[in-house]
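For reference, the structure discussed in these notes is given below.
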Amino acid sequence: YSDTQRRIAESVEHVEYGNPPPAAAAWSYSETADPMTDRARRYACTLSTNRVRQSSPYADVQAELCIRDMPGEGIDAYVMLKGDGQILCRSYERCAIPVRFGDGAAQSFGGIGAGDGSTNMFFFTNPTRLVAGAKEADVTRVQVTIYRDGDQVIEFPTAGLEWPRPAA
């Protein structure tokens, strides 16, 4: 893991692998203190109900869709593979990410890779729009391009999202 991936992984409560959780329990919420300001960082994450197929040397993995509120930085939303892999969305070049909320039409979102060059995650460039759509949908589908394995749709159970999350 890179520094960014390690910090995110340490800050988020992760849902166990296996069968997808029921819709009411799909979101996992956590809160940590920013070590520089002692202000609360808030996270909401949901685990994909399907796996991303990847060629060797990578394994098929689930993905996580997370929303993060960082003091002084605002809201982020990102997708991260739960293991190694290569999503083709680089930190120096924006990519197009098709997203579909429920039965609605697919919409185009912008994405950008992690600043540290991690290849198994990307950030949405308009997280507020993503959150608004996810709050209204039982399922949110995100299409990503995987190195050597093409375009794949990752399905996330997004019913019941509470965001902004009330302070604990």
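By order in the structure tokens, chains are A, B, ...; within a chain, residues start at 1; ligands start at 1, following the order shown.
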
Query raised in the report: Quick one: DSSP strand (DSSP E) residues in chain A, as an MDAnalysis selection string?
Result: chainID A and resid 27:33 40:47 63:70 74:81 95:101 107:113 121:124 139:146 150:157

May I have the residues from that selection written out with C-alpha atoms, as a PDB file, in the first residue's frame?
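File written: again-v2.pdb
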```pdb
ATOM      1  CA  TRP A  27     -22.996   1.808   4.753  1.00  0.00           C
ATOM      2  CA  SER A  28     -20.243   1.713   7.333  1.00  0.00           C
ATOM      3  CA  TYR A  29     -19.574   4.993   9.145  1.00  0.00           C
ATOM      4  CA  SER A  30     -16.449   6.009  11.006  1.00  0.00           C
ATOM      5  CA  GLU A  31     -14.874   9.080  12.497  1.00  0.00           C
ATOM      6  CA  THR A  32     -11.264   9.831  13.361  1.00  0.00           C
ATOM      7  CA  ALA A  33      -9.475  12.910  14.639  1.00  0.00           C
ATOM      8  CA  ALA A  40     -13.290  15.161  13.124  1.00  0.00           C
ATOM      9  CA  ARG A  41     -12.749  13.367   9.825  1.00  0.00           C
ATOM     10  CA  ARG A  42     -15.933  11.565   8.836  1.00  0.00           C
ATOM     11  CA  TYR A  43     -16.241   8.597   6.471  1.00  0.00           C
ATOM     12  CA  ALA A  44     -19.095   6.621   4.927  1.00  0.00           C
ATOM     13  CA  CYS A  45     -18.180   3.528   2.888  1.00  0.00           C
ATOM     14  CA  THR A  46     -20.047   0.737   1.145  1.00  0.00           C
ATOM     15  CA  LEU A  47     -18.613  -2.467  -0.317  1.00  0.00           C
ATOM     16  CA  ALA A  63     -14.251  -2.396  -4.368  1.00  0.00           C
ATOM     17  CA  GLU A  64     -15.296   0.208  -1.867  1.00  0.00           C
ATOM     18  CA  LEU A  65     -17.129   3.474  -2.542  1.00  0.00           C
ATOM     19  CA  CYS A  66     -16.342   6.022   0.151  1.00  0.00           C
ATOM     20  CA  ILE A  67     -17.300   9.559   1.025  1.00  0.00           C
ATOM     21  CA  ARG A  68     -14.885  11.481   3.217  1.00  0.00           C
ATOM     22  CA  ASP A  69     -15.217  14.840   4.956  1.00  0.00           C
ATOM     23  CA  MET A  70     -11.817  16.306   5.827  1.00  0.00           C
ATOM     24  CA  GLY A  74     -14.156  19.520   2.247  1.00  0.00           C
ATOM     25  CA  ILE A  75     -15.775  16.412   0.855  1.00  0.00           C
ATOM     26  CA  ASP A  76     -14.124  13.737  -1.286  1.00  0.00           C
ATOM     27  CA  ALA A  77     -15.656  10.636  -2.859  1.00  0.00           C
ATOM     28  CA  TYR A  78     -13.528   7.793  -4.143  1.00  0.00           C
ATOM     29  CA  VAL A  79     -13.558   4.196  -5.333  1.00  0.00           C
ATOM     30  CA  MET A  80     -10.788   1.920  -4.093  1.00  0.00           C
ATOM     31  CA  LEU A  81     -10.125  -1.699  -5.008  1.00  0.00           C
ATOM     32  CA  CYS A  95     -10.727  10.461 -16.811  1.00  0.00           C
ATOM     33  CA  ALA A  96     -14.398  10.018 -17.659  1.00  0.00           C
ATOM     34  CA  ILE A  97     -16.352   7.824 -15.242  1.00  0.00           C
ATOM     35  CA  PRO A  98     -19.867   6.731 -16.259  1.00  0.00           C
ATOM     36  CA  VAL A  99     -22.182   6.450 -13.219  1.00  0.00           C
ATOM     37  CA  ARG A 100     -25.735   5.191 -13.081  1.00  0.00           C
ATOM     38  CA  PHE A 101     -28.002   5.791 -10.091  1.00  0.00           C
ATOM     39  CA  GLN A 107     -24.233  10.129 -16.362  1.00  0.00           C
ATOM     40  CA  SER A 108     -20.679  11.219 -17.028  1.00  0.00           C
ATOM     41  CA  PHE A 109     -18.539  12.090 -14.031  1.00  0.00           C
ATOM     42  CA  GLY A 110     -14.951  13.220 -13.920  1.00  0.00           C
ATOM     43  CA  GLY A 111     -12.315  11.267 -12.060  1.00  0.00           C
ATOM     44  CA  ILE A 112      -8.694  11.752 -11.146  1.00  0.00           C
ATOM     45  CA  GLY A 113      -6.144   9.338  -9.733  1.00  0.00           C
ATOM     46  CA  MET A 121      -8.199   4.009  -6.616  1.00  0.00           C
ATOM     47  CA  PHE A 122      -9.538   7.249  -8.055  1.00  0.00           C
ATOM     48  CA  PHE A 123     -11.389  10.294  -6.753  1.00  0.00           C
ATOM     49  CA  PHE A 124     -14.526  11.841  -8.245  1.00  0.00           C
ATOM     50  CA  VAL A 139     -27.852   0.839  -6.301  1.00  0.00           C
ATOM     51  CA  THR A 140     -25.106   2.984  -7.783  1.00  0.00           C
ATOM     52  CA  ARG A 141     -23.124   1.575 -10.705  1.00  0.00           C
ATOM     53  CA  VAL A 142     -19.675   2.914 -11.529  1.00  0.00           C
ATOM     54  CA  GLN A 143     -17.864   1.924 -14.723  1.00  0.00           C
ATOM     55  CA  VAL A 144     -14.083   1.814 -14.568  1.00  0.00           C
ATOM     56  CA  THR A 145     -11.417   0.746 -17.032  1.00  0.00           C
ATOM     57  CA  ILE A 146      -9.104  -1.923 -15.639  1.00  0.00           C
ATOM     58  CA  GLY A 150     -11.313  -3.331 -20.081  1.00  0.00           C
ATOM     59  CA  ASP A 151     -14.426  -1.546 -18.911  1.00  0.00           C
ATOM     60  CA  GLN A 152     -16.191  -3.072 -15.925  1.00  0.00           C
ATOM     61  CA  VAL A 153     -19.237  -2.017 -13.944  1.00  0.00           C
ATOM     62  CA  ILE A 154     -18.963  -2.078 -10.167  1.00  0.00           C
ATOM     63  CA  GLU A 155     -22.270  -2.164  -8.265  1.00  0.00           C
ATOM     64  CA  PHE A 156     -22.579  -0.532  -4.862  1.00  0.00           C
ATOM     65  CA  PRO A 157     -25.590  -0.777  -2.536  1.00  0.00           C
TER      66      PRO A 157
END
```

Query raised in the report: Where in range 11-163 of chain A does DSSP assign alpha helix (DSSP H), given as a PyMOL selection string?
Result: chain A and resi 11+127-136

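If you measure from each of A:Arg53, A:Asn126, A:Gly133, A:Gly83 to Ala106 in chain A using only C-alpha atoms, the closest one turns out to be A:Gly133.
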